[in-house]
Every structure is written in C-alpha cells, then in structure tokens.
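The structure appears below as structure tokens.
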There are 2 protein chains.
Amino acid sequence: MSAIFKSRVRNKLFLSKFVENPTDVVRAHFRDKQHVGFSGFTGIGGPKVIPNALCEYTRYHHLNMPGENERQMRFNLYVGASCGVEEDKMALENMIAKRTPHQVGKQIRKRINSGDTLFFDKNLSLFPQELLSGFYNKELNLPDPAKTDTLPSNVLDIAVIEATAIDEDGGIILGPSVGATPEFLAGAQKIIIEVNTTIREMKGLHDLVLQKNPPYRQPLMHTKVDQRLGSEKLYIDASKVVAVLESKIEDHIPENSPPDENSAKIASHLINFFKDEVKHNRMPKNLFPLQSGIGNVANSVIGGLANSGFKNLQVFTEVFQDSFLDLFANGSLDVASSTSIRLTPNGMKRLDKNWDSWSKKIILRPQTVSNNPELIRRLGVIAMNTPVEVDIYGHANSTCVLGSKMLNGIGGSREFLTSAKYSIMHTISARPTPTDPIGITSVVPFVSHVDQTEHDLDVFVTEQGLADLRGLAPRERALEIINKCAHPEYRPILLKYFSDSVKRSNGRMHEPHDLHKCFEMYFNLEERGSMRAFKPSEKL
Amino acid sequence: MSAIFKSRVRNKLFLSKFVENPTDVVRAHFRDKQHVGFSGFTGIGGPKVIPNALCEYTRYHHLNMPGENERQMRFNLYVGASCGVEEDKMALENMIAKRTPHQVGKQIRKRINSGDTLFFDKNLSLFPQELLSGFYNKELNLPDPAKTDTLPSNVLDIAVIEATAIDEDGGIILGPSVGATPEFLAGAQKIIIEVNTTIREMKGLHDLVLQKNPPYRQPLMHTKVDQRLGSEKLYIDASKVVAVLESKIEDHIPENSPPDENSAKIASHLINFFKDEVKHNRMPKNLFPLQSGIGNVANSVIGGLANSGFKNLQVFTEVFQDSFLDLFANGSLDVASSTSIRLTPNGMKRLDKNWDSWSKKIILRPQTVSNNPELIRRLGVIAMNTPVEVDIYGHANSTCVLGSKMLNGIGGSREFLTSAKYSIMHTISARPTPTDPIGITSVVPFVSHVDQTEHDLDVFVTEQGLADLRGLAPRERALEIINKCAHPEYRPILLKYFSDSVKRSNGRMHEPHDLHKCFEMYFNLEERGSMRAFKPSEKL
C-alpha cells in the first residue's frame, strides 16, 4: 500500500478493504453472464486495473476461445457512455455479450457490427432510470413501488468505479467523470473501487444527486447553470464494497486535430447567426447555455466563440473539452456544467496549472442531470452536434452508416436536440472517398437511418452556409438546405431529386419523395466509390 | 344581446366590447398575410362564428380565386392542435397559407398535400414556446431577454378564442379545451372572444399557467397528477380585446366506431402485460399515469382497462375521450389530466349528467403542461399511441403515408413516447386494400418516414401479440417484432428480408438492411394493390 494511496483513502473501513492483487478480485467475484457497470464517460474516469486483470484472466484461462472449451467470461456491460481503451481490450477478448448505451473504440465497434456483441444505443439520461427500473433484467426481485421509494440494489452484480479519494466520512470523491456512477453504486450488489493516485483529488468539482424512480421522482430545481443543489461526495452502503484497489493508470485522450479551413467557416456562419439572433432579441447578449458535441467542428465552433467578443457565456453540456479552456483563459466563460472533463494530456496540464481559479467554474453532474430534457428545455440550451448526414427535409443520421453500420450510438445528441431551444447540427458538406475528394455528401435525399427527425432541427450548417429551418414547411426546408448547405457539386443532383419528386407527387404529397430513387446516392457509393452521378452509365 | 350571454359576460368592460355582427369584426380587423391564432384542441373549443364569417367574407368578395383578382385573404394560422370543421371550411376557401403544429380535416389535408397550404408539424408542448420566441416571424421587435422576462405581445396579429364565460373580475373561463390559448392571448396584438352559450360554464375545470421564456423559465412543480398549481381563470390585458361575440354553434365530434375483435385482442395483450409488470413490481398496482392517443384501438384499450379490476388509475394525457367515462362510472379512475375534453355529443351528455362528481376529477391544462417532457418523465407516464406503421427495428411512422402524404402531423405522440417510462405503440397488424383484405402490413422492413425512432419504443402490440423490446439489440428486436406482432401472412416475407440482410451484412452491420430492397413492399402496393409478394411476377 503506497503512502499516497493511504493519504487518499482516509476512511478506515474502506482502507480495510484494500486488495493488492486485482486477479484475486477477479477470481473471487467475476463470473460469466454477470451484469456489470463501469464508471467512465467519453473515455475518461473509467476503471482500468480490474478490466486489465479481467482480460488477462480470460486470456490465461483460454475463455471465450471458439472450440477451445465451453467456459466463458462474457458480461452484460453498462457504462454511462464510453469507457476507454480498457473496454476495447475486453472487446478484443470477446468478453462483452451485451452493451448499452454508447461505445467508442475500434474493437468494440467491430464486435457490435459483427453481431458478437449485442448493442442497443439509448438516450443517456434515460438509461440509468431504465436500468434501475429493472428493464434490462426481467427476472429480478424488485421492491414494491407502491410501498417504498427505495431503489433496487440488485440490478447489477458488480459495479467497478474509479475515484480520486475516499474522505474521512466515507464519502467517495469522484474523478474527471460522473456519468452513471451514482446509479451503478446504488443498484449494484457488489462494489469495487479503484482509487487513481496518478491524478489529483478532485474534491469540490462534483454536484451529485441520485433521483428516485417514478412515482417518487422530484423536480430538478435548477433554473441557472451555476446552481449547486447536490452533494460533493457520494455516500454509499459500505457493506457492498468488496475491494478497494490502487490504480496508477492514466486515461488516454487523443489529441484533437487542429481546426481546418472548413470547420473555421462553419464556426463563422454560426457566430454570425448568433450575432443576428442577439440583434433581434431572440437571444440575450451572453447567448443561452451552450451544448457542444465532440469532434473537430465542435472544437472549431467553441474556438470561434473564444475570439468573437461574447462575454459571460455559460456551458451546459455533457463533455467538457479542451476548447473550453480558451474561453476560461480569456475570461468569456462564467460556468461550465458537464458530466465529464474529457481533456487531452496537454489540456489536463493546463487545467491543473489554473486549478484554483478555473475549477471553481466547472460543475460535474450525473448524466441524469447533465442530459436531462427537463433542464435542457428549461434553461433554453443551444445544442450543437455533428451528424453523419442530414436529408433535404431535415432528418438526421447520427449512428448507422449506410443505414446499418454502427459508429458510436445516439449518445446525448438526441436528448439535446429534442429539448433544446436551438437545435443545431453542423458538419462539412462533403468528405473524400478513395477515388473522389468529394465522394460523400452530407446532404442526401433520404437519410439511410433516422436518429433525429425533421421535427427537431432548427439550424443546419456546413462550410457552404447556414440553413435556418425554423417555421419552414418541408418543401421550403428542402430548398433552404440544398441551396445553403449542400456542396455545389451535389446541389444540382439534389435539386433534381427534389423537383422530380415534387412533379411526381402530382399535388398529393406533403413531403415529396420517390422511394425508388431516394437511396441511389448510396448505391453509387457502393458501386462506383462516389455518391455523385445517379446513373451508373455516367462518367465522373 | 341575449339574456344568457349577459349572464355569462359578467364584467362590464368586456360586455362593452360586444359586437353583434361578426362580419363587422372581420372587415375591421382581418387582413391578408396576418398571423392568426385560434383556440381549440382536437376539434373542440375552437372559435366558430369568426371563422364562418371569414369564409363568407372571402367567398363574397371573390378573394383567393385564381385569376379573379389579386386580392387575397390568406393567413398564417396557428391552433394548439386542430380546430374543427370551421378550419376545414377555411381550407376549402384556400384561406390558410401556412399552418402549424397539427391539423385534422379532409380539406386542410388536401391543401397541405397539394402544397397550397405550407404546413410544418411540431411537438405540441414546444410549439407555443417557439411562437413566443419569435421563431415563426423573424421581423418582429421583441423585448430584450436580458432585461425583462416579459413575453412579446406581437407574435400574433389576432387571437380568436372561445370561452364559456367572463367572470366579474375579468377572468376568462375557458371551455372544453385549453391548448395554446394562454400563449395566444399573451402573444396577440388583438383579441377576439366568442362566448359559447350553448355549452355549460366550465368554471373549476382548468388549471392554467403561462410559462416564461428561457432564461426566466421555472420548474413545473407537479409530482402528482392531481396537483392544481395554476389559476382557474385566464387574466388578460383587456385593452387588447377588440370584440366579444356570442356563439351558439356546437362542436361536432364524430361518434367512435364500436370496438372490434382485433382491438379487443390488442387491449387484452396490453392488460396482460400490465398485470405482469405489476407482478414483477415494475409497476405499482394502480399502474403509472396513462396517456392514450385517439382512435379505435386506444378506445378499446381504455375500455379493456375498465373491465380489468385495476383501481385508483390516473390519466395524464392530452385528450380526454368517451372511454374514460366508463372508468369514472365504475370508480376505477381517480383523476384525469388533459388539455381537451373531446367528447361525442353522447359523451358530453353523460358527463353533464354526472357533472358534480366527475368534473372534480378532471383537470384541463395548457398543452405546454399536458404534453411537457419534464412532467411526462417525472410522473413515469405509460404512453400508448397508434402509428401508421412500425419497422422491424422499432422505428415508427406516425405522419406521412408512403413517406410523403401527410395525415395529421406528429401531435403529442413523440413528446409522450420520447419521455414516457413505458413507450407503447399499438395497431392492427394488417389493413385491407381494395383488392386484398390484408394488403397493407403495419410491420415493414424500413418505415417510409420516421417520426419516432428505435430509441423510443419499449413495447409494440398488435392483435397478433406483444413485443417487449426493452433491453433488446436491433437483431433481437427484429425477431421479436416479426414473430410476435406481424400478420402471419407477412411473417415469412419479413423474416426473409431480415435473414437476407443479415447474410448480406457479412458481419459488418449492426442493424442489417438492404437499401435496394427495403421499400419493395411499398412498390408492390403501388403496382399491385397489396404489400404481399416481393416479386411482381409472383401471383397473390
């Protein structure tokens, strides 16, 4: 037991549960087919020691090897969103039988698309409620909801969470993410805690609540982003804790790619839009609270905001990212609420250096709060996310490429877009294929998978321009999206699809489509390596 | 001025605004291109005198006649949901240039599908907020949101509402629907009130609040269905009222078709499901608050509940319908919250007869409350709605037949399904075409329009059976839906589509589809009058 570990685990009862060797924990507590919950959100704050030991154990005992033997070690794995490289190692060993609500990683994605791992993507704020309602394991004995407001404590066999410390009073001090950790700890029969001693103690950052299930659920009372209404620490039933381990493994957040010309143009269109909204008094001068997804474009937009003269900005999002640090640095950001601090190693160093002043402005909340439609609607959030593609009427695909191949899952994008005051999607208008530098258009006639519907989208932006869809009927939307946002090479193709469909509709269609032709761009892509050209006979 | 009218308008200021002839009002206040709001929700509680006068005026002056002259009388028309036959008369005169968020009626639907009327369907609880945020008329001068929480009073040129009385203190006593009336009255420059003297005064039924726009919005504090937290009457700026008229026109709600064998089977499957949920403590014995859509199946389900021994039921829905009266009659329903009482003439008589005891259990709320995701989520609502069709992975089409032809719009279905604890859709498995008694299947490979996504649906029911989709991955969902819910004649066709797609996916697809074939059933329908048979060469 290291000195720093001792200084971090300040409660005697928890300290007495220290286990040196993670393999002992694996051998004693993990079995095939268990329901297991890991802390972590967007690749940060997840357990690492136990997952690594699980992989080693599985490899060593030749479990999950086809034909080798019949012994298996495969789990129903729940993580608030995504866990990090350790989860991908488990996927490589084929240890994940079922997975919800979100995932990121090459191996896990491969397992999902091959059908080895059964995956269902779920709205992130709803997932913990469904888990604690016994929706994912229908054989459980649950407490009678008419008699008690107690949450069930058996929906998970084991919860494995990372913390940065355990205080004298037994309160768990979490690390850079909250996610579904409060619900996992409440709902697990056994708890394993990894105290990570390579990162600083993050006391004071968290604002934690554990909501009751209906019919006992209470309002979330926040009317402003910066209201702290919960607890700094998590208090749990210590008798459920079967092991406390030390972790010296750091999270691996990859560096962001530098902003390029196109994402800078998107940011510029959006900032002009915000300025115009402010001018017309539809937004206050400090805008509404901002939600921003992950990725190059999202980073550019936040970067653009940092240089636009906006003051007293507020962030109400699920992931705090490097780009927000620039807003702290120039004093334009008052408060940032999220459920994870997903910072690159450089970003983490930068935050560390400014910890005393910047950390006061960060609030980490459970994903049931950070992504809650109740708060998103009430606060009037401006939600900005990147889809795979958008169709001419405003339906968006965020998950399944070519209608079928899963990327990461719905994540928080739908909860934010459905409930936001401003529902915005941004992406570049065209991407390259091996044979065509603009072989894939992000504006298509009919998206091959729908995650967000036309009813949600207020604004769509590409480097070409911004389409303001508010108050427009489908036929108006189609022209606005094609003319403002589509890549010029795809504009005539899309306009032809639209006008042919209108003609074909013969006055009998509200949202004219030709189901015979709406997917032709995908067929072109499959057959010819580019979405351009509707007829296979045409040359590029 | 009739004696009964005088007894209903008990405030002198309002009485002084009496106008006998509606044409005088039309001539004085209505102009082409105005933004006009009508009260009413699901065909009840809308204005009738003024719409009729508007139609007459338009016809008489030969407005909106192609080629006749250039004078027009066409409006941007807003109604909470749908208004009734008077709106359809206006559609016949081509008086509706733009319409949101919902509609019902043969003429208006025709105008929308022909493109004469530009329509966009919107989530019903969000629509009033967007209207009052100036999203639908971007030229308006709005109050600075940083300086005042005052709502704009210029988003509508005119609001025309029906009331049942105006009290001594000037408080408006609404009728059988609330809808978006509070927001219309706040947001209009001019107000016209029709006091309907053919229906009883409905004092005490309403629970009215007017929410502020973000950033001033407050929590809705309801934690139980029966909490009255608002006002019984609406208080408005009387200086905006330009006319008070008497209306003697009744609403026309058509009789429900009697429950048939199939809808009784659907009800029975659902009730068995509820009983099983209660047995496993996933639902309390009195269930969770019920939301139920409009239509034959919905009526049967409620009818079935009335005969199933459930007690102390609660309803949290948007429309109160005849079937709920049976629950009052046998004492099994404690409280019903909605935004409209859509009763047939017989139902209205029945309620009238039992007014003193039953009306105490009814609460009429604005649609911003009845349909609010915040409350739907918190209360744990069981949402039940009827789609046009559902696909094998759980996406649903509620609005556009064959991907293009508008029925009525999204209505409240999506807000309820997205936020409910139990998101349920029910419909019969197959419907007839002129040439095939089961020519249309309600389970298809890929819905031609997506309104609700796979992320929303917990349970799908047809007369064939009930598919419990909770916790299932797409490939599991497909088999559950096809095997439990599809019509037996369509089962092999759907299974073949699914297994061919899985084969084709070659281990690289999470949600296997063949975009070349997913719409073939629609092509069959167009070409051969039935969705059965994939190949045009095959005989039925």
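Chain labels A, B, ... are given in the sequence in which chains occur in the structure tokens; within each chain residues are numbered consecutively from 1, and ligands are likewise numbered from 1 in the order shown.
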
Can you tell me which residues surround Lys496 of chain B at a distance of at most 12 Å, considering only C-alpha atoms, apart from same-chain residues fewer than 5 positions away, and format the answer as JSON, numbers by chain? {"B": [392, 445, 478, 479, 482, 490, 491, 501, 502, 503, 504, 513, 514, 517, 518, 533, 534]}

I need the chain A residues near chain B as a ChimeraX atom specification; criterion: at most 7 Å, counting only C-alpha atoms. /A:112-115,118-122,133-136,141-146,214-215,217-219,221,223,280-284,373-374,378-380,403-406,450-451,453,455,470-474,507-513,515,519

If you run DSSP on the backbone, which residues of segment 372-437 of chain B are helix (DSSP H, G or I), as an MDAnalysis selection string? chainID B and resid 373:379 413:419

Output N, CA, C and O atoms for every residue in the selection just made, as a compact mmCIF listing (two decimals), in the first residue's frame.
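Saved to part.txt:
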```
# COMPACT_ATOMS: atom_id res chain seq x y z
N PRO B 373 -42.41 17.31 -21.60
CA PRO B 373 -41.49 16.20 -21.34
C PRO B 373 -41.05 16.13 -19.87
O PRO B 373 -40.83 15.06 -19.34
N GLU B 374 -40.90 17.30 -19.26
CA GLU B 374 -40.49 17.35 -17.85
C GLU B 374 -41.44 16.53 -16.98
O GLU B 374 -41.02 15.71 -16.16
N LEU B 375 -42.74 16.73 -17.17
CA LEU B 375 -43.73 16.03 -16.33
C LEU B 375 -43.92 14.59 -16.78
O LEU B 375 -44.11 13.69 -15.95
N ILE B 376 -43.90 14.38 -18.09
CA ILE B 376 -44.08 13.01 -18.60
C ILE B 376 -42.99 12.10 -18.03
O ILE B 376 -43.25 11.00 -17.56
N ARG B 377 -41.76 12.60 -18.02
CA ARG B 377 -40.65 11.82 -17.48
C ARG B 377 -40.79 11.65 -15.97
O ARG B 377 -40.64 10.56 -15.44
N ARG B 378 -41.07 12.76 -15.27
CA ARG B 378 -41.09 12.70 -13.81
C ARG B 378 -42.19 11.78 -13.29
O ARG B 378 -41.98 11.02 -12.36
N LEU B 379 -43.37 11.89 -13.91
CA LEU B 379 -44.52 11.10 -13.43
C LEU B 379 -44.43 9.63 -13.85
O LEU B 379 -45.15 8.79 -13.33
N SER B 413 -47.63 12.61 -29.93
CA SER B 413 -47.14 11.23 -29.85
C SER B 413 -45.65 11.16 -29.53
O SER B 413 -45.22 10.34 -28.74
N ARG B 414 -44.87 12.03 -30.13
CA ARG B 414 -43.44 11.90 -29.91
C ARG B 414 -43.00 12.42 -28.55
O ARG B 414 -42.13 11.84 -27.91
N GLU B 415 -43.60 13.52 -28.11
CA GLU B 415 -43.23 14.00 -26.78
C GLU B 415 -43.55 12.95 -25.72
O GLU B 415 -42.80 12.75 -24.77
N PHE B 416 -44.68 12.28 -25.89
CA PHE B 416 -45.03 11.25 -24.92
C PHE B 416 -44.11 10.04 -25.06
O PHE B 416 -43.58 9.52 -24.08
N LEU B 417 -43.88 9.58 -26.30
CA LEU B 417 -43.07 8.37 -26.47
C LEU B 417 -41.61 8.59 -26.06
O LEU B 417 -40.97 7.70 -25.51
N THR B 418 -41.11 9.78 -26.33
CA THR B 418 -39.70 10.05 -26.02
C THR B 418 -39.46 10.10 -24.52
O THR B 418 -38.41 9.70 -24.03
N SER B 419 -40.42 10.61 -23.77
CA SER B 419 -40.18 10.87 -22.36
C SER B 419 -40.87 9.89 -21.43
O SER B 419 -40.58 9.87 -20.24
```

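Distance annotation: of A:Leu494, A:Ile438, A:Cys55, A:Ile294, the residue with the minimal separation from Asp391 of chain A is A:Leu494; atom set is only C-alpha atoms.
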
Work out how far apart atom CA of Met202 of chain A and atom CA of Ser16 of chain A are and give it in Å to one decimal.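 Atom CA of Met202 of chain A sits 22.7 Å away from atom CA of Ser16 of chain A.
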
Can you check which parts of segment 360-471 of chain A lie within 12 Å of segment 159-178 of chain A? Per residue, the shortest pair of atoms and distance in Å to one decimal, counting only C-alpha atoms, sorted by chain and number, as JSON lines.
```
{"residue": "A:Ile362", "atom": "CA", "partner": "A:Pro176", "partner_atom": "CA", "distance": 10.8}
{"residue": "A:Ile363", "atom": "CA", "partner": "A:Val178", "partner_atom": "CA", "distance": 10.4}
{"residue": "A:Leu364", "atom": "CA", "partner": "A:Val178", "partner_atom": "CA", "distance": 6.6}
{"residue": "A:Arg365", "atom": "CA", "partner": "A:Val178", "partner_atom": "CA", "distance": 6.2}
{"residue": "A:Pro366", "atom": "CA", "partner": "A:Val178", "partner_atom": "CA", "distance": 5.2}
{"residue": "A:Gln367", "atom": "CA", "partner": "A:Val178", "partner_atom": "CA", "distance": 7.1}
{"residue": "A:Thr368", "atom": "CA", "partner": "A:Val178", "partner_atom": "CA", "distance": 10.0}
{"residue": "A:Val369", "atom": "CA", "partner": "A:Val178", "partner_atom": "CA", "distance": 10.4}
{"residue": "A:Ser370", "atom": "CA", "partner": "A:Val178", "partner_atom": "CA", "distance": 9.9}
```

What does the distance from atom CA of Asp352 of chain B to atom CA of Asn256 of chain B come to in Å, to one decimal? 18.8 Å

Proximity to Leu343 of chain A - best of A:Asn52, A:Thr42, A:Thr399, A:Gln107, only C-alpha atoms: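 The shortest atom-to-atom distance to Leu343 of chain A comes from A:Thr42.
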
Mind checking DSSP for segment 315-442 of chain B and telling me the strand (DSSP E or B) residues as a ChimeraX atom specification? /B:315-316,319-320,333-338,340-341,362-364,366,382-385,389-391,396-397,400-401,405-406,422-426,430-431,440-441

Gly465 of chain A environment, 9 Å, only C-alpha atoms, sequence neighbours closer than 2 positions dropped, as JSON, numbers by chain: {"A": [265, 266, 269, 270, 460, 461, 462, 463, 467, 483, 484, 485, 486]}

File dump, residues just selected, N, CA and C atoms, as a PDB file, in the first residue's frame:
```pdb
ATOM      1  N   LYS A 265     -14.946  27.953 -41.244  1.00  0.00           N
ATOM      2  CA  LYS A 265     -16.072  28.581 -41.953  1.00  0.00           C
ATOM      3  C   LYS A 265     -17.398  28.264 -41.256  1.00  0.00           C
ATOM      4  N   ILE A 266     -17.546  27.016 -40.827  1.00  0.00           N
ATOM      5  CA  ILE A 266     -18.767  26.635 -40.117  1.00  0.00           C
ATOM      6  C   ILE A 266     -18.921  27.478 -38.857  1.00  0.00           C
ATOM      7  N   HIS A 269     -20.058  30.974 -39.780  1.00  0.00           N
ATOM      8  CA  HIS A 269     -21.503  31.051 -40.089  1.00  0.00           C
ATOM      9  C   HIS A 269     -22.333  31.053 -38.814  1.00  0.00           C
ATOM     10  N   LEU A 270     -21.961  30.178 -37.885  1.00  0.00           N
ATOM     11  CA  LEU A 270     -22.739  30.057 -36.658  1.00  0.00           C
ATOM     12  C   LEU A 270     -22.644  31.316 -35.804  1.00  0.00           C
ATOM     13  N   PHE A 460     -29.175  24.058 -39.701  1.00  0.00           N
ATOM     14  CA  PHE A 460     -28.144  23.149 -40.215  1.00  0.00           C
ATOM     15  C   PHE A 460     -27.045  23.995 -40.850  1.00  0.00           C
ATOM     16  N   VAL A 461     -25.795  23.670 -40.542  1.00  0.00           N
ATOM     17  CA  VAL A 461     -24.674  24.481 -41.023  1.00  0.00           C
ATOM     18  C   VAL A 461     -23.599  23.596 -41.641  1.00  0.00           C
ATOM     19  N   THR A 462     -23.125  23.995 -42.785  1.00  0.00           N
ATOM     20  CA  THR A 462     -21.899  23.414 -43.345  1.00  0.00           C
ATOM     21  C   THR A 462     -20.980  24.579 -43.690  1.00  0.00           C
ATOM     22  N   GLU A 463     -19.799  24.264 -44.211  1.00  0.00           N
ATOM     23  CA  GLU A 463     -18.890  25.350 -44.618  1.00  0.00           C
ATOM     24  C   GLU A 463     -19.504  26.180 -45.744  1.00  0.00           C
ATOM     25  N   ALA A 467     -28.490  27.052 -42.921  1.00  0.00           N
ATOM     26  CA  ALA A 467     -29.915  26.959 -43.243  1.00  0.00           C
ATOM     27  C   ALA A 467     -30.722  27.151 -41.963  1.00  0.00           C
ATOM     28  N   ASN A 483     -29.753  24.681 -51.078  1.00  0.00           N
ATOM     29  CA  ASN A 483     -29.111  25.892 -51.602  1.00  0.00           C
ATOM     30  C   ASN A 483     -28.091  26.499 -50.652  1.00  0.00           C
ATOM     31  N   LYS A 484     -28.339  26.378 -49.368  1.00  0.00           N
ATOM     32  CA  LYS A 484     -27.410  26.993 -48.418  1.00  0.00           C
ATOM     33  C   LYS A 484     -26.277  26.056 -47.991  1.00  0.00           C
ATOM     34  N   CYS A 485     -26.549  24.764 -47.890  1.00  0.00           N
ATOM     35  CA  CYS A 485     -25.605  23.870 -47.201  1.00  0.00           C
ATOM     36  C   CYS A 485     -24.944  22.805 -48.073  1.00  0.00           C
ATOM     37  N   ALA A 486     -25.605  22.363 -49.130  1.00  0.00           N
ATOM     38  CA  ALA A 486     -25.028  21.251 -49.905  1.00  0.00           C
ATOM     39  C   ALA A 486     -23.789  21.721 -50.663  1.00  0.00           C
TER      40      ALA A 486
END
```

In Å to one decimal, how far is atom CA of Leu457 of chain A from atom CA of Gly394 of chain A? 6.3 Å

Which is closer to Ser2 of chain A than all the others in A:Lys248, A:Val155, A:Val104, A:Asp500, using only C-alpha atoms?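 Closest to Ser2 of chain A of all the choices is A:Lys248.
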